[in-house]
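*Asks:* structure_26.cif is reproduced in full below (mmCIF, C-alpha atoms and all ligand atoms).
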```cif
data_protein
loop_
_atom_site.label_atom_id
_atom_site.label_comp_id
_atom_site.auth_asym_id
_atom_site.auth_seq_id
_atom_site.Cartn_x
_atom_site.Cartn_y
_atom_site.Cartn_z
CA MET A 14 18.76 168.46 -177.35
CA ASP A 15 20.61 165.89 -175.22
CA MET A 16 21.90 167.66 -172.08
CA ASN A 17 24.24 164.85 -171.06
CA ARG A 18 25.87 164.83 -174.46
CA ASP A 19 26.35 168.60 -174.56
CA GLU A 20 27.76 168.66 -171.03
CA MET A 21 30.18 165.87 -171.90
CA VAL A 22 31.42 167.61 -175.04
CA LYS A 23 32.18 170.63 -172.85
CA VAL A 24 33.89 168.50 -170.18
CA MET A 25 36.27 167.14 -172.81
CA GLN A 26 36.90 170.54 -174.40
CA GLU A 27 37.84 172.00 -171.02
CA ALA A 28 39.76 169.01 -169.67
CA ASP A 29 43.52 168.84 -169.24
CA CYS A 30 45.15 166.02 -171.20
CA LEU A 31 47.65 164.65 -168.69
CA HIS A 32 48.92 161.74 -170.82
CA ASP A 33 48.23 161.46 -174.52
CA ASP A 34 47.61 158.34 -176.62
CA ALA A 35 51.30 157.86 -177.40
CA GLU A 36 52.33 157.99 -173.74
CA VAL A 37 49.64 155.52 -172.74
CA SER A 38 50.61 153.19 -175.60
CA ALA A 39 54.25 153.29 -174.51
CA ALA A 40 53.21 152.55 -170.92
CA LEU A 41 51.12 149.59 -172.09
CA ASP A 42 54.10 148.27 -174.09
CA GLN A 43 56.25 148.34 -170.96
CA MET A 44 53.59 146.69 -168.84
CA ALA A 45 53.15 143.95 -171.44
CA GLN A 46 56.89 143.34 -171.52
CA ALA A 47 57.09 142.98 -167.74
CA ILE A 48 53.99 140.78 -167.58
CA THR A 49 55.32 138.57 -170.37
CA ALA A 50 58.67 138.15 -168.62
CA ASP A 51 56.94 137.04 -165.41
CA LEU A 52 53.91 135.08 -166.61
CA CYS A 53 54.57 133.64 -170.07
CA ASP A 54 55.07 130.11 -168.68
CA LYS A 55 52.34 130.25 -166.04
CA ASN A 56 49.09 129.84 -167.96
CA PRO A 57 47.52 132.72 -166.00
CA LEU A 58 43.83 133.27 -165.46
CA VAL A 59 43.30 136.95 -166.27
CA TYR A 60 40.40 138.85 -164.73
CA VAL A 61 39.23 142.13 -166.15
CA VAL A 62 37.59 144.37 -163.53
CA LEU A 63 34.49 145.85 -165.19
CA ASN A 64 33.60 148.43 -166.16
CA GLY A 65 36.79 150.45 -165.93
CA GLY A 66 39.14 147.66 -166.97
CA ILE A 67 37.73 147.25 -170.46
CA ILE A 68 40.08 149.58 -172.32
CA ALA A 69 43.12 148.47 -170.32
CA ALA A 70 42.33 144.85 -171.07
CA GLY A 71 41.48 145.49 -174.72
CA GLN A 72 44.82 147.21 -175.19
CA LEU A 73 46.96 144.97 -172.98
CA LEU A 74 45.76 141.47 -173.87
CA PRO A 75 46.76 141.57 -177.56
CA ARG A 76 50.24 142.59 -176.40
CA LEU A 77 50.53 139.34 -174.39
CA ARG A 78 51.56 136.69 -176.91
CA PHE A 79 51.44 133.59 -174.74
CA PRO A 80 48.72 131.19 -173.56
CA LEU A 81 46.32 132.65 -171.02
CA GLU A 82 42.63 132.55 -170.14
CA VAL A 83 40.44 135.62 -169.76
CA SER A 84 37.38 136.23 -167.66
CA TYR A 85 35.76 139.15 -165.89
CA LEU A 86 34.43 140.30 -162.57
CA HIS A 87 32.39 143.36 -161.82
CA ALA A 88 33.04 145.38 -158.69
CA THR A 89 32.20 149.04 -158.36
CA ARG A 90 32.37 151.66 -155.61
CA TYR A 91 32.20 155.04 -157.34
CA GLY A 92 29.10 154.78 -159.54
CA ASP A 93 28.57 158.22 -161.07
CA LYS A 94 30.31 159.92 -158.12
CA THR A 95 33.82 161.32 -157.84
CA GLN A 96 34.30 159.81 -154.36
CA GLY A 97 34.38 156.10 -153.66
CA GLY A 98 31.94 154.36 -151.32
CA ARG A 99 31.38 150.78 -150.22
CA LEU A 100 32.41 148.17 -152.76
CA ASN A 101 29.47 146.66 -154.59
CA TRP A 102 30.22 143.21 -156.06
CA LYS A 103 27.97 142.98 -159.09
CA VAL A 104 29.53 139.81 -160.53
CA LYS A 105 31.97 137.62 -158.62
CA PRO A 106 34.44 135.40 -160.45
CA THR A 107 33.00 132.04 -161.42
CA GLU A 108 36.08 130.10 -162.62
CA ASP A 109 37.99 127.71 -160.39
CA MET A 110 41.18 129.61 -159.48
CA ASN A 111 42.53 127.04 -157.04
CA GLY A 112 46.29 126.78 -157.58
CA ARG A 113 46.24 129.23 -160.49
CA THR A 114 48.29 132.34 -161.16
CA VAL A 115 45.71 135.12 -161.40
CA LEU A 116 46.31 138.48 -163.06
CA ILE A 117 43.84 141.28 -162.33
CA ILE A 118 43.58 144.04 -164.94
CA ASP A 119 42.00 147.39 -164.07
CA ASP A 120 42.24 150.98 -165.23
CA ILE A 121 43.25 152.66 -162.00
CA LEU A 122 44.57 152.09 -158.52
CA ASP A 123 43.19 155.09 -156.68
CA GLU A 124 42.57 154.50 -152.97
CA GLY A 125 43.05 150.79 -153.59
CA ASN A 126 39.92 149.49 -151.84
CA THR A 127 38.76 147.76 -155.01
CA LEU A 128 42.01 145.88 -155.59
CA VAL A 129 42.40 144.99 -151.91
CA ALA A 130 38.95 143.37 -151.95
CA VAL A 131 39.59 141.57 -155.24
CA LEU A 132 42.99 140.32 -154.04
CA GLU A 133 41.47 139.04 -150.80
CA TYR A 134 38.72 137.28 -152.70
CA CYS A 135 41.09 135.54 -155.12
CA ARG A 136 43.43 134.44 -152.34
CA ALA A 137 40.49 133.05 -150.38
CA GLN A 138 39.51 131.08 -153.50
CA GLY A 139 42.91 129.39 -153.43
CA ALA A 140 44.79 131.22 -156.19
CA SER A 141 48.46 130.41 -155.78
CA GLU A 142 49.57 133.89 -156.85
CA VAL A 143 47.54 137.04 -157.54
CA LEU A 144 49.10 139.92 -159.46
CA THR A 145 47.63 143.26 -160.44
CA ALA A 146 48.06 145.38 -163.56
CA VAL A 147 46.74 148.95 -163.68
CA VAL A 148 47.32 151.59 -166.34
CA VAL A 149 47.19 154.36 -163.76
CA ASN A 150 48.30 154.70 -160.16
CA LYS A 151 47.07 157.93 -158.57
CA ARG A 152 49.69 159.66 -156.43
CA HIS A 153 48.39 160.53 -152.94
CA ASP A 154 48.60 159.31 -149.36
CA ARG A 155 45.04 157.95 -149.03
CA LYS A 156 45.78 154.35 -150.04
CA ALA A 157 43.77 151.62 -148.29
CA ILE A 158 47.11 150.07 -147.33
CA PRO A 159 49.77 152.77 -147.02
CA GLY A 160 52.41 152.40 -149.72
CA MET A 161 50.46 149.84 -151.72
CA THR A 162 50.99 149.68 -155.45
CA GLY A 163 50.20 147.44 -158.40
CA ASP A 164 52.58 144.74 -159.61
CA TYR A 165 52.46 146.26 -163.10
CA VAL A 166 51.76 149.98 -163.25
CA GLY A 167 51.67 152.04 -166.43
CA ILE A 168 51.80 155.66 -165.28
CA ASP A 169 51.76 157.48 -161.93
CA VAL A 170 49.25 160.30 -162.32
CA GLU A 171 48.61 163.38 -160.25
CA ASP A 172 45.84 163.55 -157.66
CA ARG A 173 42.93 164.88 -159.72
CA PHE A 174 39.67 163.35 -160.91
CA LEU A 175 40.56 161.54 -164.11
CA PHE A 176 38.73 160.16 -167.08
CA GLY A 177 39.65 158.27 -170.23
CA CYS A 178 41.33 154.92 -170.74
CA GLY A 179 38.39 153.17 -169.08
CA MET A 180 37.84 155.75 -166.35
CA ASP A 181 34.52 157.53 -166.47
CA TYR A 182 33.22 160.95 -165.57
CA LYS A 183 29.52 160.50 -164.74
CA GLY A 184 29.49 157.39 -166.87
CA PHE A 185 31.07 159.04 -169.94
CA TRP A 186 34.42 159.25 -171.70
CA ARG A 187 35.78 155.83 -170.85
CA ASN A 188 36.36 155.53 -174.59
CA THR A 189 39.70 157.27 -175.05
CA LEU A 190 43.25 156.00 -174.81
CA GLY A 191 44.62 159.26 -173.42
CA ILE A 192 44.12 160.25 -169.77
CA TYR A 193 42.38 163.51 -168.89
CA ALA A 194 41.58 165.49 -165.73
CA VAL A 195 38.26 167.24 -165.28
CA LYS A 196 38.61 171.02 -165.14
CA GLY A 197 38.60 172.13 -161.50
CA LEU A 198 38.65 168.59 -160.06
O1 LIG Y 201 41.31 152.25 -155.96
P1 LIG Y 201 39.87 152.58 -155.76
O2 LIG Y 201 39.69 153.88 -154.99
O3 LIG Y 201 39.08 151.46 -155.17
O4 LIG Y 201 39.26 152.92 -157.19
C1 LIG Y 201 39.55 152.18 -158.33
C2 LIG Y 201 38.32 151.57 -158.92
O5 LIG Y 201 37.37 152.60 -159.21
C3 LIG Y 201 36.92 152.46 -160.55
O6 LIG Y 201 35.80 151.66 -160.61
P2 LIG Y 201 34.34 152.22 -160.26
O7 LIG Y 201 33.98 151.96 -158.86
O8 LIG Y 201 34.23 153.65 -160.73
O9 LIG Y 201 33.44 151.31 -161.16
P3 LIG Y 201 33.46 151.24 -162.77
O10 LIG Y 201 34.73 150.57 -163.13
O11 LIG Y 201 32.27 150.46 -163.12
O12 LIG Y 201 33.41 152.68 -163.24
C4 LIG Y 201 38.09 151.82 -161.26
O13 LIG Y 201 37.68 151.15 -162.44
C5 LIG Y 201 38.65 150.88 -160.24
O14 LIG Y 201 38.04 149.61 -160.30
O1 LIG Y 202 39.94 159.56 -160.85
C1 LIG Y 202 39.08 158.69 -161.18
N1 LIG Y 202 38.32 158.83 -162.29
C2 LIG Y 202 37.39 157.92 -162.67
N2 LIG Y 202 37.13 156.82 -161.98
C3 LIG Y 202 37.85 156.61 -160.86
N3 LIG Y 202 37.79 155.58 -160.00
C4 LIG Y 202 38.68 155.82 -159.07
N4 LIG Y 202 39.34 156.99 -159.28
C5 LIG Y 202 38.82 157.51 -160.42
#
```
What does the file become when written as structure tokens?
Ligand SMILES: O=P(O)(O)OC[C@H]1O[C@H](OP(=O)(O)OP(=O)(O)O)[C@H](O)[C@@H]1O
Ligand code: HPA
*Replies:*
Amino acid sequence: MDMNRDEMVKVMQEADCLHDDAEVSAALDQMAQAITADLCDKNPLVYVVLNGGIIAAGQLLPRLRFPLEVSYLHATRYGDKTQGGRLNWKVKPTEDMNGRTVLIIDDILDEGNTLVAVLEYCRAQGASEVLTAVVVNKRHDRKAIPGMTGDYVGIDVEDRFLFGCGMDYKGFWRNTLGIYAVKGL
């Protein structure tokens, strides 16, 4: 018997679905429209922030019907925990971003430390413009920079521990489109 699997089935059964597939799809449509209006002539270099950004990117990129390049970076600060720690850069960007418009795609802007560090890095590398797209912005007053937000935000979500749409609970359940909150968290 696989304990992790059984626990995770229970976590999903007991979770609250805060935004279902249809709501997330509609949010992605709106984000794609706004991104297209701003970036369709700019040949952007798009970075997916692994691991959490995989679903967001997989859903968003096919909605962007203009020339762009895609790469990835890997920065993590939560691991299997529900509270963030120091940012661990596992893979830094390798492409030359000097003078480029860079778009960062991630699942969530929570406290914002991850995006602040990624933005700083890209600016230091000479990107002419760095924009951020997140499916979820969590509503609370613990942002790394008070009042910060993403340039393209899908849905503002309540201050609970979330999973789905790229976000994991103990490494599981990134693989949904809908957004869920863990019971009691
Ligand atoms: O706004 P913040 O408080 O910095 O949190 C947001 C970041 O946290 C998550 O990554 P995580 O560290 O869990 O790594 P993962 O994507 O590999 O799960 C998420 O994918 C964002 O990158
Ligand atoms: O609420 C969350 N859930 C999963 N991963 C996260 N990374 C930052 N916030 C969260």
*Asks:* One decimal, in Å: what's the spacing between atom CA of Thr114 of chain A and atom CA of Gly98 of chain A?
*Replies:*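 A separation of 29.1 Å between them.
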*Asks:* Report the closest atom pair, with its distance in Å rounded to one decimal, for each residue of chain A that has an atom no farther than 6 Å from ligand LIG 202 (chain Y); count all atoms listed in the file, sort by chain and then rising residue number, and write it as a tab-separated table.
*Replies:*
```
residue	atom	partner	partner_atom	distance
A:Asp123	CA	Y:LIG202	N4	5.0
A:Phe174	CA	Y:LIG202	O1	3.8
A:Leu175	CA	Y:LIG202	O1	3.9
A:Phe176	CA	Y:LIG202	N1	5.0
A:Met180	CA	Y:LIG202	C2	4.3
A:Asp181	CA	Y:LIG202	C2	4.8
A:Tyr182	CA	Y:LIG202	C2	5.9
```
*Asks:* Please save C-alpha atoms of the selected residues as a short mmCIF file (atom, residue, chain, number, x, y, z; two decimals), in the frame of the given file.
*Replies:*
```cif
data_model
loop_
_atom_site.label_atom_id
_atom_site.label_comp_id
_atom_site.auth_asym_id
_atom_site.auth_seq_id
_atom_site.Cartn_x
_atom_site.Cartn_y
_atom_site.Cartn_z
CA ASP A 123 43.19 155.09 -156.68
CA PHE A 174 39.67 163.35 -160.91
CA LEU A 175 40.56 161.54 -164.11
CA PHE A 176 38.73 160.16 -167.08
CA MET A 180 37.84 155.75 -166.35
CA ASP A 181 34.52 157.53 -166.47
CA TYR A 182 33.22 160.95 -165.57
#
```
*Asks:* Please report, as a tab-separated table, each residue of chain A lying at most 10 Å from ligand LIG 201 (chain Y), together with the nearest pair of atoms and the separation in Å rounded to one decimal; use all atoms listed in the file, and order rows by chain and ascending residue number.
*Replies:*
```
residue	atom	partner	partner_atom	distance
A:Val61	CA	Y:LIG201	O14	9.6
A:Val62	CA	Y:LIG201	O14	6.2
A:Leu63	CA	Y:LIG201	O10	5.2
A:Asn64	CA	Y:LIG201	O10	3.9
A:Gly65	CA	Y:LIG201	O10	3.5
A:Gly66	CA	Y:LIG201	O13	5.9
A:Ile67	CA	Y:LIG201	O10	8.6
A:Ala69	CA	Y:LIG201	O13	9.9
A:His87	CA	Y:LIG201	O11	7.2
A:Ala88	CA	Y:LIG201	O9	6.4
A:Thr89	CA	Y:LIG201	O7	3.5
A:Arg90	CA	Y:LIG201	O7	3.6
A:Tyr91	CA	Y:LIG201	O7	3.9
A:Gly92	CA	Y:LIG201	O8	5.4
A:Asp93	CA	Y:LIG201	O8	7.3
A:Lys94	CA	Y:LIG201	O8	7.8
A:Thr95	CA	Y:LIG201	O8	8.2
A:Gln96	CA	Y:LIG201	O2	8.0
A:Gly97	CA	Y:LIG201	O2	5.9
A:Gly98	CA	Y:LIG201	O7	8.2
A:Arg99	CA	Y:LIG201	O7	9.1
A:Leu100	CA	Y:LIG201	O7	7.4
A:Asn101	CA	Y:LIG201	O7	8.2
A:Trp102	CA	Y:LIG201	O7	9.9
A:Lys103	CA	Y:LIG201	O11	9.5
A:Ile118	CA	Y:LIG201	O14	9.1
A:Asp119	CA	Y:LIG201	O14	5.9
A:Asp120	CA	Y:LIG201	O13	5.3
A:Ile121	CA	Y:LIG201	C1	5.2
A:Leu122	CA	Y:LIG201	O1	4.1
A:Asp123	CA	Y:LIG201	O1	3.5
A:Glu124	CA	Y:LIG201	O2	3.6
A:Gly125	CA	Y:LIG201	O1	3.3
A:Asn126	CA	Y:LIG201	O3	4.0
A:Thr127	CA	Y:LIG201	O3	3.7
A:Leu128	CA	Y:LIG201	O3	6.3
A:Val129	CA	Y:LIG201	O3	8.0
A:Ala130	CA	Y:LIG201	O3	8.7
A:Val131	CA	Y:LIG201	O14	9.6
A:Val147	CA	Y:LIG201	C5	9.0
A:Val149	CA	Y:LIG201	C1	9.6
A:Asn150	CA	Y:LIG201	O1	8.5
A:Lys151	CA	Y:LIG201	O1	8.5
A:Arg155	CA	Y:LIG201	O2	9.0
A:Lys156	CA	Y:LIG201	O1	7.7
A:Ala157	CA	Y:LIG201	O1	8.1
A:Phe176	CA	Y:LIG201	O12	9.9
A:Cys178	CA	Y:LIG201	O13	9.8
A:Gly179	CA	Y:LIG201	O13	7.0
A:Met180	CA	Y:LIG201	O13	6.0
A:Asp181	CA	Y:LIG201	O12	5.9
A:Tyr182	CA	Y:LIG201	O12	8.6
A:Lys183	CA	Y:LIG201	O12	8.9
A:Gly184	CA	Y:LIG201	O12	7.1
A:Phe185	CA	Y:LIG201	O12	9.5
A:Arg187	CA	Y:LIG201	O12	8.6
```
*Asks:* With distances taken over only C-alpha atoms, which of A:Glu171, A:Asp51, A:Leu198, A:Gly191 is nearest to Val37 of chain A?
*Replies:*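 Smallest separation from Val37 of chain A among the options: A:Gly191.
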*Asks:* Do you know which residues are at most 10 Å from Met44 of chain A counting all atoms listed in the file, after dropping those on the same chain fewer than 6 positions away, and could you put them as a ChimeraX atom specification?
*Replies:* /A:38,50,73,76-77,146-148,164-168
*Asks:* Just to be explicit: take each residue in the selection above, keep C-alpha atoms, and write the result as a short mmCIF file (atom, residue, chain, number, x, y, z; two decimals), in the frame of the given file.
*Replies:*
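Ended up saving to part-v2.cif:
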```cif
data_model
loop_
_atom_site.label_atom_id
_atom_site.label_comp_id
_atom_site.auth_asym_id
_atom_site.auth_seq_id
_atom_site.Cartn_x
_atom_site.Cartn_y
_atom_site.Cartn_z
CA SER A 38 50.61 153.19 -175.60
CA ALA A 50 58.67 138.15 -168.62
CA LEU A 73 46.96 144.97 -172.98
CA ARG A 76 50.24 142.59 -176.40
CA LEU A 77 50.53 139.34 -174.39
CA ALA A 146 48.06 145.38 -163.56
CA VAL A 147 46.74 148.95 -163.68
CA VAL A 148 47.32 151.59 -166.34
CA ASP A 164 52.58 144.74 -159.61
CA TYR A 165 52.46 146.26 -163.10
CA VAL A 166 51.76 149.98 -163.25
CA GLY A 167 51.67 152.04 -166.43
CA ILE A 168 51.80 155.66 -165.28
#
```
*Asks:* Would you work out the distance separating atom CA of Asp33 of chain A from atom CA of Val170 of chain A, expressed in Å to one decimal?
*Replies:*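 For atom CA of Asp33 of chain A relative to atom CA of Val170 of chain A, the distance reads 12.3 Å.
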*Asks:* Can you pull out the residues contacting Glu27 of chain A? Cut-off 12 Å, using all atoms listed in the file, and skip same-chain residues under 2 positions away; I want them as a PyMOL selection string.
*Replies:* chain A and resi 20-25+29-30+193-198
